[in-house]
Amino acid sequence: MSGLDRVLDTRPLRGHAGFRRLWIGSTASAFSGQVAVVAVLAQVWELTASPVLVGVVGLATGVPIAVFGTLGGTLADALDRRRLVLFTSAGAAVVAGLLAVQAAVGLRSWPLVLALVAAQTGCTALGSSARRTFVPRLLPRDQVAPGLALNHISFQGAMLVGPALAGLVIAGWETTAAYALDAAATALSLYGVARLPAMRPDRDRTGRGLAAGLRDTVEGWQVLLRTPVLRAALGIDLAQTVLAMPVALFPALNAERFENDPRTLGLFLSAIAAGGIVAALTSGPATRARRPGLVMICAAAVWGAALGVFGLVDGLGAALACLAAAGAADTVSVISRGTVVQLATPDSHRGRVSAAEYVVGAGAPGIGNARAGLVAGYVGPELAAATGGAACVLCVGVIGAVGRELRRWTVDGRA
């Protein structure tokens, strides 16, 4: 292993063309998602000026993720995963185009915006579990954690550039241009999947009917809930996302402190990504950690603490520093959790367990944002952020204290 690989293990990109193409497409997909986040927040805030309704955006994403993410996990263990991802990505690109159209014609209907957001999220959720299973199929076991780290670098890079660029685009050309940029990047993401080989699951589940499919879904959740390591890992992620997610608070905080400048709104999200990129670029020690579950527990506590302080500090520099610290902690937590979930789950169940991870990791932030918006409507965005972060730290501490199996789990599968 080279000196560079000890800091950031790049073997998956150098040695596996399929992973390299997938990584490029995933980066485009992540970029489009971050542009869309800022565009939707800005448009709903413009139409309503209500932190509660901005929080409802979280429900418009969280509910489709819960429903279609679970269904997608079952489909990922029954169908060619490559075809499923191609189909759902194409659907997401079409809906992104419709978001651009509604903004261009000036319909000014926040319910329509939320309906289109829900449709786009549903398309993405349906294919997400299948997409997550590509890495352990394309890479040898000892490169799965580095591959997940590289994926997270691309996500954080998109999160750094996407929101900042979206803020500039909205300031100059309004939300129509931002939605159009989202549609173009979503279409580009098809490149990474189109040239992959067929990705059928190890266990053939085709032609088994709806009832059997429902039993398969229940079986996947049973594996999750009956495996202490997986149960504790997803419980910690749930605490992070539901209790401390701050995104719905950004428009209100931006309006109160920074004169509602869309460029500052983009910087809030970019600051999280900046910290995430620094952590990802130095993720070698984290990916080589013998006990990734313990690493995840510590990182999740730092995430909650940083966001709690974010609600209390004054000044743009201090706020961005707290968000950067939270982003760094989140990156370490996501890489560690992904390693545990992918390697502790047999391939025959990996799609459904990945769906559960996706429902929690991507759907729970929507619920968390709805919670944050509701709390902010009563006590203000600053106190909502501070109390959410404190609650996260407390909950993570309790799960970490009782979750002996997660603390002791090692990459070779021993606890």
# chains A, B, ... in the order shown; residues from 1 in each chain; ligands from 1
call {"tool": "residues_around", "arguments": {"residues": "Ala90 in chain A", "least_positions_apart": "5", "cutoff": "12 Å", "atoms": "only C-alpha atoms", "output": "list in words"}}
result
Ser29, Arg83, Leu84, Val85, Val95, Ala96, Gly97, Gln120, Cys123, Thr124, Leu126, Gly127, Ala183, Ala184, Ala185, Thr186, Ala187, Leu188, Ser189, Leu190, Tyr191, Val193 and Ala194 of chain A
call {"tool": "residues_around", "arguments": {"residues": "Gly403 in chain A", "least_positions_apart": "4", "cutoff": "9 Å", "atoms": "only C-alpha atoms", "output": "ChimeraX atom specification"}}
result
/A:228-229,232-233,398-399,407-408
call {"tool": "write_last_selection", "arguments": {"atoms": "N, CA, C and O atoms", "output": "mmCIF file, in the first residue's frame"}}
result
data_model
loop_
_atom_site.group_PDB
_atom_site.id
_atom_site.type_symbol
_atom_site.label_atom_id
_atom_site.label_comp_id
_atom_site.auth_asym_id
_atom_site.auth_seq_id
_atom_site.Cartn_x
_atom_site.Cartn_y
_atom_site.Cartn_z
ATOM 1 N N PRO A 228 -28.122 -7.700 16.527
ATOM 2 C CA PRO A 228 -27.827 -6.583 17.435
ATOM 3 C C PRO A 228 -26.919 -5.519 16.824
ATOM 4 O O PRO A 228 -27.117 -4.319 17.059
ATOM 5 N N VAL A 229 -25.920 -5.932 16.050
ATOM 6 C CA VAL A 229 -24.994 -4.958 15.461
ATOM 7 C C VAL A 229 -25.723 -4.022 14.506
ATOM 8 O O VAL A 229 -25.565 -2.798 14.559
ATOM 9 N N ALA A 232 -28.326 -1.681 16.392
ATOM 10 C CA ALA A 232 -27.710 -0.557 17.101
ATOM 11 C C ALA A 232 -27.173 0.491 16.127
ATOM 12 O O ALA A 232 -27.306 1.699 16.359
ATOM 13 N N ALA A 233 -26.580 0.044 15.018
ATOM 14 C CA ALA A 233 -26.026 0.984 14.037
ATOM 15 C C ALA A 233 -27.114 1.876 13.446
ATOM 16 O O ALA A 233 -26.952 3.100 13.342
ATOM 17 N N VAL A 398 -26.699 6.690 25.161
ATOM 18 C CA VAL A 398 -27.436 5.555 25.713
ATOM 19 C C VAL A 398 -27.283 4.325 24.824
ATOM 20 O O VAL A 398 -27.001 3.211 25.309
ATOM 21 N N ILE A 399 -27.460 4.485 23.509
ATOM 22 C CA ILE A 399 -27.332 3.343 22.593
ATOM 23 C C ILE A 399 -25.914 2.793 22.627
ATOM 24 O O ILE A 399 -25.702 1.576 22.638
ATOM 25 N N ARG A 407 -20.118 -1.924 19.704
ATOM 26 C CA ARG A 407 -18.825 -1.407 20.148
ATOM 27 C C ARG A 407 -17.693 -2.386 19.845
ATOM 28 O O ARG A 407 -16.584 -1.985 19.509
ATOM 29 N N ARG A 408 -17.972 -3.680 19.939
ATOM 30 C CA ARG A 408 -16.922 -4.688 19.805
ATOM 31 C C ARG A 408 -16.841 -5.326 18.422
ATOM 32 O O ARG A 408 -15.914 -6.102 18.170
#
call {"tool": "select_by_dssp", "arguments": {"residues": "range 171-270 of chain A", "states": "alpha helix (DSSP H)", "output": "JSON, numbers by chain"}}
result
{"A": [171, 172, 173, 174, 175, 176, 177, 178, 179, 180, 181, 182, 183, 184, 185, 186, 187, 188, 191, 192, 193, 194, 209, 210, 211, 212, 213, 214, 215, 216, 217, 218, 219, 220, 221, 222, 223, 224, 225, 226, 228, 229, 230, 231, 232, 233, 234, 235, 236, 237, 238, 239, 240, 241, 242, 243, 244, 250, 251, 252, 253, 254, 255, 256, 257, 262, 263, 264, 265, 266, 267, 268, 269, 270]}
call {"tool": "closest_atom_pairs", "arguments": {"of": "range 209-283 of chain A", "to": "range 55-58 of chain A", "cutoff": "10 Å", "atoms": "only C-alpha atoms", "output": "tab-separated table"}}
result
residue	atom	partner	partner_atom	distance
A:Val247	CA	A:Gly55	CA	8.7
A:Ala248	CA	A:Gly55	CA	5.2
A:Leu249	CA	A:Gly55	CA	8.0
call {"tool": "closest_residue", "arguments": {"among": "A:Pro262, A:Pro136, A:Gly62, A:Gly91", "to": "Phe19 in chain A", "atoms": "only C-alpha atoms"}}
result
A:Pro136
call {"tool": "closest_residue", "arguments": {"among": "A:Pro346, A:Ile367, A:Asn260, A:Thr410", "to": "Leu41 in chain A", "atoms": "only C-alpha atoms"}}
result
A:Asn260
call {"tool": "residues_around", "arguments": {"residues": "Leu294 in chain A", "least_positions_apart": "4", "cutoff": "9 Å", "atoms": "only C-alpha atoms", "output": "number ranges by chain"}}
result
A: 298-299, 336, 400, 406-409
call {"tool": "atom_distance", "arguments": {"atom1": "CA of Gln156 in chain A", "atom2": "CA of Val37 in chain A"}}
result
14.1 Å
call {"tool": "residues_around", "arguments": {"residues": "Arg257 in chain A", "least_positions_apart": "4", "cutoff": "12 Å", "atoms": "only C-alpha atoms", "output": "PyMOL selection string"}}
result
chain A and resi 250-253+261+264-265+311+313-316+319+381-382
call {"tool": "write_last_selection", "arguments": {"atoms": "N, CA, C and O atoms", "output": "short mmCIF file (atom, residue, chain, number, x, y, z; two decimals), in the first residue's frame"}}
result
data_model
loop_
_atom_site.label_atom_id
_atom_site.label_comp_id
_atom_site.auth_asym_id
_atom_site.auth_seq_id
_atom_site.Cartn_x
_atom_site.Cartn_y
_atom_site.Cartn_z
N PHE A 250 -32.36 26.33 8.23
CA PHE A 250 -31.46 27.23 7.52
C PHE A 250 -32.15 28.47 6.94
O PHE A 250 -31.64 29.59 7.09
N PRO A 251 -33.31 28.33 6.25
CA PRO A 251 -33.92 29.55 5.70
C PRO A 251 -34.30 30.57 6.78
O PRO A 251 -34.09 31.78 6.60
N ALA A 252 -34.86 30.10 7.90
CA ALA A 252 -35.25 31.03 8.97
C ALA A 252 -34.03 31.68 9.60
O ALA A 252 -34.01 32.89 9.86
N LEU A 253 -32.98 30.91 9.87
CA LEU A 253 -31.75 31.47 10.42
C LEU A 253 -31.11 32.45 9.44
O LEU A 253 -30.59 33.50 9.84
N ASP A 261 -30.14 36.26 2.25
CA ASP A 261 -29.30 36.17 1.06
C ASP A 261 -29.21 34.70 0.60
O ASP A 261 -28.75 33.85 1.37
N THR A 264 -25.81 32.96 1.09
CA THR A 264 -25.51 32.48 2.44
C THR A 264 -26.23 31.17 2.72
O THR A 264 -25.67 30.28 3.37
N LEU A 265 -27.46 31.05 2.24
CA LEU A 265 -28.19 29.79 2.41
C LEU A 265 -27.41 28.62 1.81
O LEU A 265 -27.30 27.55 2.41
N GLY A 311 -26.60 26.23 17.05
CA GLY A 311 -27.80 26.99 17.39
C GLY A 311 -27.55 28.14 18.35
O GLY A 311 -28.42 29.00 18.50
N VAL A 313 -24.29 29.97 18.65
CA VAL A 313 -23.23 30.92 18.33
C VAL A 313 -23.75 32.07 17.47
O VAL A 313 -24.77 31.95 16.79
N ASP A 314 -23.02 33.19 17.50
CA ASP A 314 -23.32 34.34 16.65
C ASP A 314 -22.22 34.50 15.61
O ASP A 314 -21.08 34.12 15.82
N GLY A 315 -22.56 35.09 14.47
CA GLY A 315 -21.58 35.36 13.44
C GLY A 315 -21.49 34.25 12.42
O GLY A 315 -21.62 33.07 12.74
N LEU A 316 -21.25 34.64 11.17
CA LEU A 316 -21.20 33.68 10.08
C LEU A 316 -20.03 32.71 10.23
O LEU A 316 -20.18 31.51 10.01
N ALA A 319 -20.73 30.05 12.90
CA ALA A 319 -21.77 29.13 12.45
C ALA A 319 -21.24 28.15 11.42
O ALA A 319 -21.50 26.95 11.49
N PRO A 381 -35.68 29.18 15.64
CA PRO A 381 -34.73 28.24 15.05
C PRO A 381 -33.49 28.02 15.89
O PRO A 381 -32.92 26.92 15.88
N GLU A 382 -33.02 29.03 16.64
CA GLU A 382 -31.81 28.85 17.44
C GLU A 382 -32.00 27.79 18.52
O GLU A 382 -31.18 26.88 18.68
#
call {"tool": "closest_residue", "arguments": {"among": "A:Ala325, A:Ala78, A:Val144, A:Leu53", "to": "Pro12 in chain A", "atoms": "only C-alpha atoms"}}
result
A:Val144
call {"tool": "closest_residue", "arguments": {"among": "A:Pro111, A:Gly284, A:Gly275, A:Gly368", "to": "Gln143 in chain A", "atoms": "only C-alpha atoms"}}
result
A:Gly284
call {"tool": "closest_atom_pairs", "arguments": {"of": "range 21-108 of chain A", "to": "range 270-274 of chain A", "cutoff": "12 Å", "atoms": "only C-alpha atoms", "output": "CSV"}}
result
residue,atom,partner,partner_atom,distance
A:Ala30,CA,A:Ala273,CA,11.8
A:Phe31,CA,A:Ala273,CA,11.6
A:Gln34,CA,A:Ser270,CA,9.5
A:Val35,CA,A:Ser270,CA,11.0
A:Val37,CA,A:Ser270,CA,11.8
A:Val38,CA,A:Ser270,CA,10.6
call {"tool": "write_last_selection", "arguments": {"atoms": "N, CA and C atoms", "output": "mmCIF file, in the first residue's frame"}}
result
data_model
loop_
_atom_site.group_PDB
_atom_site.id
_atom_site.type_symbol
_atom_site.label_atom_id
_atom_site.label_comp_id
_atom_site.auth_asym_id
_atom_site.auth_seq_id
_atom_site.Cartn_x
_atom_site.Cartn_y
_atom_site.Cartn_z
ATOM 1 N N ALA A 30 -25.295 12.901 -6.898
ATOM 2 C CA ALA A 30 -25.216 13.629 -5.637
ATOM 3 C C ALA A 30 -25.247 15.138 -5.861
ATOM 4 N N PHE A 31 -24.548 15.599 -6.906
ATOM 5 C CA PHE A 31 -24.540 17.029 -7.232
ATOM 6 C C PHE A 31 -25.953 17.514 -7.544
ATOM 7 N N GLN A 34 -28.072 17.959 -4.396
ATOM 8 C CA GLN A 34 -27.760 19.122 -3.571
ATOM 9 C C GLN A 34 -28.265 20.419 -4.201
ATOM 10 N N VAL A 35 -28.191 20.515 -5.510
ATOM 11 C CA VAL A 35 -28.760 21.680 -6.192
ATOM 12 C C VAL A 35 -30.267 21.747 -5.938
ATOM 13 N N VAL A 37 -31.962 20.532 -3.419
ATOM 14 C CA VAL A 37 -32.271 20.873 -2.025
ATOM 15 C C VAL A 37 -32.352 22.384 -1.846
ATOM 16 N N VAL A 38 -31.350 23.098 -2.338
ATOM 17 C CA VAL A 38 -31.330 24.558 -2.174
ATOM 18 C C VAL A 38 -32.475 25.198 -2.958
#
call {"tool": "residues_around", "arguments": {"residues": "Gly15 in chain A", "least_positions_apart": "3", "cutoff": "12 Å", "atoms": "only C-alpha atoms", "output": "PDB file with all heavy atoms, in the first residue's frame"}}
result
ATOM      1  N   ASP A   9      -7.341   5.751   0.632  1.00  0.00           N
ATOM      2  CA  ASP A   9      -7.153   4.534  -0.157  1.00  0.00           C
ATOM      3  C   ASP A   9      -7.883   4.674  -1.490  1.00  0.00           C
ATOM      4  O   ASP A   9      -9.120   4.648  -1.558  1.00  0.00           O
ATOM      5  CB  ASP A   9      -7.694   3.331   0.625  1.00  0.00           C
ATOM      6  CG  ASP A   9      -7.245   2.000   0.030  1.00  0.00           C
ATOM      7  OD1 ASP A   9      -6.859   1.991  -1.152  1.00  0.00           O
ATOM      8  OD2 ASP A   9      -7.277   0.992   0.749  1.00  0.00           O
ATOM      9  N   THR A  10      -7.121   4.827  -2.578  1.00  0.00           N
ATOM     10  CA  THR A  10      -7.702   5.044  -3.909  1.00  0.00           C
ATOM     11  C   THR A  10      -7.635   3.795  -4.777  1.00  0.00           C
ATOM     12  O   THR A  10      -7.863   3.874  -5.994  1.00  0.00           O
ATOM     13  CB  THR A  10      -6.975   6.193  -4.624  1.00  0.00           C
ATOM     14  OG1 THR A  10      -5.580   5.868  -4.744  1.00  0.00           O
ATOM     15  CG2 THR A  10      -7.123   7.497  -3.858  1.00  0.00           C
ATOM     16  N   ARG A  11      -7.318   2.640  -4.210  1.00  0.00           N
ATOM     17  CA  ARG A  11      -7.222   1.410  -5.014  1.00  0.00           C
ATOM     18  C   ARG A  11      -8.490   1.109  -5.804  1.00  0.00           C
ATOM     19  O   ARG A  11      -8.408   0.666  -6.960  1.00  0.00           O
ATOM     20  CB  ARG A  11      -6.861   0.229  -4.118  1.00  0.00           C
ATOM     21  CG  ARG A  11      -5.427   0.262  -3.589  1.00  0.00           C
ATOM     22  CD  ARG A  11      -5.214  -0.900  -2.625  1.00  0.00           C
ATOM     23  NE  ARG A  11      -6.070  -0.774  -1.446  1.00  0.00           N
ATOM     24  CZ  ARG A  11      -6.336  -1.780  -0.603  1.00  0.00           C
ATOM     25  NH1 ARG A  11      -5.818  -2.980  -0.814  1.00  0.00           N
ATOM     26  NH2 ARG A  11      -7.103  -1.583   0.455  1.00  0.00           N
ATOM     27  N   PRO A  12      -9.701   1.310  -5.238  1.00  0.00           N
ATOM     28  CA  PRO A  12     -10.902   1.015  -6.037  1.00  0.00           C
ATOM     29  C   PRO A  12     -10.978   1.825  -7.329  1.00  0.00           C
ATOM     30  O   PRO A  12     -11.403   1.304  -8.365  1.00  0.00           O
ATOM     31  CB  PRO A  12     -12.049   1.362  -5.082  1.00  0.00           C
ATOM     32  CG  PRO A  12     -11.478   1.165  -3.720  1.00  0.00           C
ATOM     33  CD  PRO A  12     -10.053   1.634  -3.844  1.00  0.00           C
ATOM     34  N   GLY A  18     -15.202  -0.518 -13.656  1.00  0.00           N
ATOM     35  CA  GLY A  18     -16.636  -0.458 -13.377  1.00  0.00           C
ATOM     36  C   GLY A  18     -16.931   0.438 -12.192  1.00  0.00           C
ATOM     37  O   GLY A  18     -17.869   1.254 -12.230  1.00  0.00           O
ATOM     38  N   PHE A  19     -16.144   0.310 -11.144  1.00  0.00           N
ATOM     39  CA  PHE A  19     -16.345   1.187  -9.986  1.00  0.00           C
ATOM     40  C   PHE A  19     -16.045   2.634 -10.359  1.00  0.00           C
ATOM     41  O   PHE A  19     -16.743   3.547  -9.911  1.00  0.00           O
ATOM     42  CB  PHE A  19     -15.444   0.753  -8.826  1.00  0.00           C
ATOM     43  CG  PHE A  19     -15.529   1.675  -7.646  1.00  0.00           C
ATOM     44  CD1 PHE A  19     -16.551   1.552  -6.726  1.00  0.00           C
ATOM     45  CD2 PHE A  19     -14.601   2.695  -7.467  1.00  0.00           C
ATOM     46  CE1 PHE A  19     -16.650   2.426  -5.640  1.00  0.00           C
ATOM     47  CE2 PHE A  19     -14.686   3.578  -6.395  1.00  0.00           C
ATOM     48  CZ  PHE A  19     -15.715   3.428  -5.476  1.00  0.00           C
ATOM     49  N   ARG A  20     -15.035   2.854 -11.180  1.00  0.00           N
ATOM     50  CA  ARG A  20     -14.671   4.219 -11.573  1.00  0.00           C
ATOM     51  C   ARG A  20     -15.825   4.894 -12.315  1.00  0.00           C
ATOM     52  O   ARG A  20     -16.157   6.048 -12.051  1.00  0.00           O
ATOM     53  CB  ARG A  20     -13.411   4.175 -12.440  1.00  0.00           C
ATOM     54  CG  ARG A  20     -12.816   5.534 -12.741  1.00  0.00           C
ATOM     55  CD  ARG A  20     -11.365   5.414 -13.202  1.00  0.00           C
ATOM     56  NE  ARG A  20     -11.206   4.491 -14.325  1.00  0.00           N
ATOM     57  CZ  ARG A  20     -10.532   3.342 -14.264  1.00  0.00           C
ATOM     58  NH1 ARG A  20      -9.962   2.946 -13.137  1.00  0.00           N
ATOM     59  NH2 ARG A  20     -10.424   2.575 -15.338  1.00  0.00           N
ATOM     60  N   ARG A  21     -16.451   4.178 -13.257  1.00  0.00           N
ATOM     61  CA  ARG A  21     -17.602   4.753 -13.981  1.00  0.00           C
ATOM     62  C   ARG A  21     -18.774   4.989 -13.042  1.00  0.00           C
ATOM     63  O   ARG A  21     -19.469   6.016 -13.133  1.00  0.00           O
ATOM     64  CB  ARG A  21     -17.998   3.829 -15.134  1.00  0.00           C
ATOM     65  CG  ARG A  21     -17.004   3.803 -16.286  1.00  0.00           C
ATOM     66  CD  ARG A  21     -17.567   3.067 -17.483  1.00  0.00           C
ATOM     67  NE  ARG A  21     -17.745   1.643 -17.209  1.00  0.00           N
ATOM     68  CZ  ARG A  21     -16.841   0.712 -17.488  1.00  0.00           C
ATOM     69  NH1 ARG A  21     -15.694   1.054 -18.044  1.00  0.00           N
ATOM     70  NH2 ARG A  21     -17.079  -0.559 -17.231  1.00  0.00           N
ATOM     71  N   LEU A 138     -18.682  -5.151  -6.926  1.00  0.00           N
ATOM     72  CA  LEU A 138     -17.627  -4.744  -7.851  1.00  0.00           C
ATOM     73  C   LEU A 138     -16.230  -4.852  -7.246  1.00  0.00           C
ATOM     74  O   LEU A 138     -15.247  -4.992  -7.980  1.00  0.00           O
ATOM     75  CB  LEU A 138     -17.855  -3.302  -8.307  1.00  0.00           C
ATOM     76  CG  LEU A 138     -19.066  -3.044  -9.204  1.00  0.00           C
ATOM     77  CD1 LEU A 138     -19.285  -1.545  -9.376  1.00  0.00           C
ATOM     78  CD2 LEU A 138     -18.894  -3.710 -10.562  1.00  0.00           C
ATOM     79  N   LEU A 139     -16.122  -4.774  -5.918  1.00  0.00           N
ATOM     80  CA  LEU A 139     -14.821  -4.692  -5.265  1.00  0.00           C
ATOM     81  C   LEU A 139     -14.554  -5.903  -4.380  1.00  0.00           C
ATOM     82  O   LEU A 139     -15.498  -6.499  -3.832  1.00  0.00           O
ATOM     83  CB  LEU A 139     -14.747  -3.426  -4.401  1.00  0.00           C
ATOM     84  CG  LEU A 139     -14.906  -2.087  -5.119  1.00  0.00           C
ATOM     85  CD1 LEU A 139     -14.906  -0.952  -4.103  1.00  0.00           C
ATOM     86  CD2 LEU A 139     -13.815  -1.889  -6.152  1.00  0.00           C
ATOM     87  N   PRO A 140     -13.282  -6.288  -4.200  1.00  0.00           N
ATOM     88  CA  PRO A 140     -12.950  -7.322  -3.225  1.00  0.00           C
ATOM     89  C   PRO A 140     -13.260  -6.838  -1.815  1.00  0.00           C
ATOM     90  O   PRO A 140     -13.340  -5.632  -1.552  1.00  0.00           O
ATOM     91  CB  PRO A 140     -11.450  -7.548  -3.427  1.00  0.00           C
ATOM     92  CG  PRO A 140     -10.965  -6.322  -4.100  1.00  0.00           C
ATOM     93  CD  PRO A 140     -12.100  -5.791  -4.921  1.00  0.00           C
ATOM     94  N   GLN A 143     -11.519  -3.966  -0.062  1.00  0.00           N
ATOM     95  CA  GLN A 143     -11.635  -2.628  -0.654  1.00  0.00           C
ATOM     96  C   GLN A 143     -13.047  -2.049  -0.546  1.00  0.00           C
ATOM     97  O   GLN A 143     -13.310  -0.977  -1.084  1.00  0.00           O
ATOM     98  CB  GLN A 143     -11.205  -2.672  -2.122  1.00  0.00           C
ATOM     99  CG  GLN A 143      -9.729  -2.976  -2.314  1.00  0.00           C
ATOM    100  CD  GLN A 143      -9.289  -2.868  -3.761  1.00  0.00           C
ATOM    101  OE1 GLN A 143      -9.838  -2.107  -4.547  1.00  0.00           O
ATOM    102  NE2 GLN A 143      -8.285  -3.655  -4.128  1.00  0.00           N
ATOM    103  N   GLY A 147     -13.948   1.869  -0.893  1.00  0.00           N
ATOM    104  CA  GLY A 147     -14.910   2.240  -1.921  1.00  0.00           C
ATOM    105  C   GLY A 147     -16.029   3.092  -1.363  1.00  0.00           C
ATOM    106  O   GLY A 147     -16.447   4.088  -1.977  1.00  0.00           O
TER     107      GLY A 147
END
call {"tool": "residues_around", "arguments": {"residues": "Val302 in chain A", "least_positions_apart": "2", "cutoff": "12 Å", "atoms": "only C-alpha atoms", "output": "PyMOL selection string"}}
result
chain A and resi 240+244+295-300+304-309+322-333+389-390+392-394+396-397
call {"tool": "write_last_selection", "arguments": {"atoms": "C-alpha atoms", "output": "PDB file, in the first residue's frame"}}
result
ATOM      1  CA  GLN A 240     -28.562  11.656  14.430  1.00  0.00           C
ATOM      2  CA  ALA A 244     -30.432  16.915  15.171  1.00  0.00           C
ATOM      3  CA  VAL A 295     -15.829   4.846  15.626  1.00  0.00           C
ATOM      4  CA  MET A 296     -19.419   5.423  14.511  1.00  0.00           C
ATOM      5  CA  ILE A 297     -20.640   5.967  18.089  1.00  0.00           C
ATOM      6  CA  CYS A 298     -17.999   8.616  18.809  1.00  0.00           C
ATOM      7  CA  ALA A 299     -18.563  10.414  15.492  1.00  0.00           C
ATOM      8  CA  ALA A 300     -22.337  10.519  15.985  1.00  0.00           C
ATOM      9  CA  GLY A 304     -24.945  16.221  17.732  1.00  0.00           C
ATOM     10  CA  ALA A 305     -22.669  18.391  19.867  1.00  0.00           C
ATOM     11  CA  ALA A 306     -21.528  20.523  16.912  1.00  0.00           C
ATOM     12  CA  LEU A 307     -25.102  21.165  15.755  1.00  0.00           C
ATOM     13  CA  GLY A 308     -26.188  22.029  19.282  1.00  0.00           C
ATOM     14  CA  VAL A 309     -23.476  24.685  19.482  1.00  0.00           C
ATOM     15  CA  CYS A 322     -19.788  24.381  13.694  1.00  0.00           C
ATOM     16  CA  LEU A 323     -21.418  23.075  10.520  1.00  0.00           C
ATOM     17  CA  ALA A 324     -18.017  22.036   9.158  1.00  0.00           C
ATOM     18  CA  ALA A 325     -17.271  20.097  12.362  1.00  0.00           C
ATOM     19  CA  ALA A 326     -20.664  18.405  12.091  1.00  0.00           C
ATOM     20  CA  GLY A 327     -19.976  17.492   8.464  1.00  0.00           C
ATOM     21  CA  ALA A 328     -16.624  15.927   9.346  1.00  0.00           C
ATOM     22  CA  ALA A 329     -18.217  13.845  12.102  1.00  0.00           C
ATOM     23  CA  ASP A 330     -21.057  12.784   9.823  1.00  0.00           C
ATOM     24  CA  THR A 331     -18.621  11.559   7.175  1.00  0.00           C
ATOM     25  CA  VAL A 332     -16.806   9.340   9.647  1.00  0.00           C
ATOM     26  CA  SER A 333     -20.128   8.044  10.969  1.00  0.00           C
ATOM     27  CA  GLY A 389     -28.225  18.552  19.169  1.00  0.00           C
ATOM     28  CA  ALA A 390     -28.327  17.923  22.912  1.00  0.00           C
ATOM     29  CA  CYS A 392     -28.906  13.538  19.849  1.00  0.00           C
ATOM     30  CA  VAL A 393     -25.833  13.369  22.101  1.00  0.00           C
ATOM     31  CA  LEU A 394     -27.911  11.906  24.942  1.00  0.00           C
ATOM     32  CA  VAL A 396     -26.293   8.208  21.089  1.00  0.00           C
ATOM     33  CA  GLY A 397     -24.692   7.874  24.501  1.00  0.00           C
TER      34      GLY A 397
END
call {"tool": "residues_around", "arguments": {"residues": "Cys395 in chain A", "least_positions_apart": "6", "cutoff": "9 Å", "atoms": "only C-alpha atoms", "output": "ChimeraX atom specification"}}
result
/A:236,239-240,243,301
call {"tool": "write_last_selection", "arguments": {"atoms": "all heavy atoms", "output": "tab-separated table (two decimals), in the first residue's frame"}}
result
chain	number	residue	atom	x	y	z
A	236	ILE	N	-28.50	4.44	16.04
A	236	ILE	CA	-27.68	5.64	16.18
A	236	ILE	C	-27.91	6.60	15.02
A	236	ILE	O	-28.02	7.82	15.21
A	236	ILE	CB	-26.19	5.25	16.30
A	236	ILE	CG1	-25.94	4.66	17.68
A	236	ILE	CG2	-25.28	6.46	16.07
A	236	ILE	CD1	-24.52	4.19	17.90
A	239	ALA	N	-31.04	8.46	15.63
A	239	ALA	CA	-30.86	9.54	16.61
A	239	ALA	C	-30.22	10.76	15.96
A	239	ALA	O	-30.62	11.91	16.22
A	239	ALA	CB	-30.01	9.05	17.77
A	240	GLN	N	-29.22	10.54	15.11
A	240	GLN	CA	-28.56	11.66	14.43
A	240	GLN	C	-29.53	12.44	13.55
A	240	GLN	O	-29.52	13.68	13.56
A	240	GLN	CB	-27.42	11.14	13.56
A	240	GLN	CG	-26.19	10.66	14.30
A	240	GLN	CD	-25.09	10.26	13.34
A	240	GLN	OE1	-24.81	9.08	13.16
A	240	GLN	NE2	-24.48	11.23	12.70
A	243	LEU	N	-33.26	13.70	15.47
A	243	LEU	CA	-33.15	14.64	16.58
A	243	LEU	C	-32.32	15.88	16.26
A	243	LEU	O	-32.54	16.93	16.88
A	243	LEU	CB	-32.54	13.92	17.80
A	243	LEU	CG	-33.37	12.77	18.35
A	243	LEU	CD1	-32.64	12.10	19.51
A	243	LEU	CD2	-34.75	13.25	18.80
A	301	ALA	N	-21.81	11.26	18.25
A	301	ALA	CA	-21.91	12.18	19.38
A	301	ALA	C	-21.33	13.56	19.03
A	301	ALA	O	-21.88	14.59	19.42
A	301	ALA	CB	-21.17	11.59	20.59
call {"tool": "atom_distance", "arguments": {"atom1": "CA of Asn151 in chain A", "atom2": "CA of Leu196 in chain A"}}
result
16.6 Å
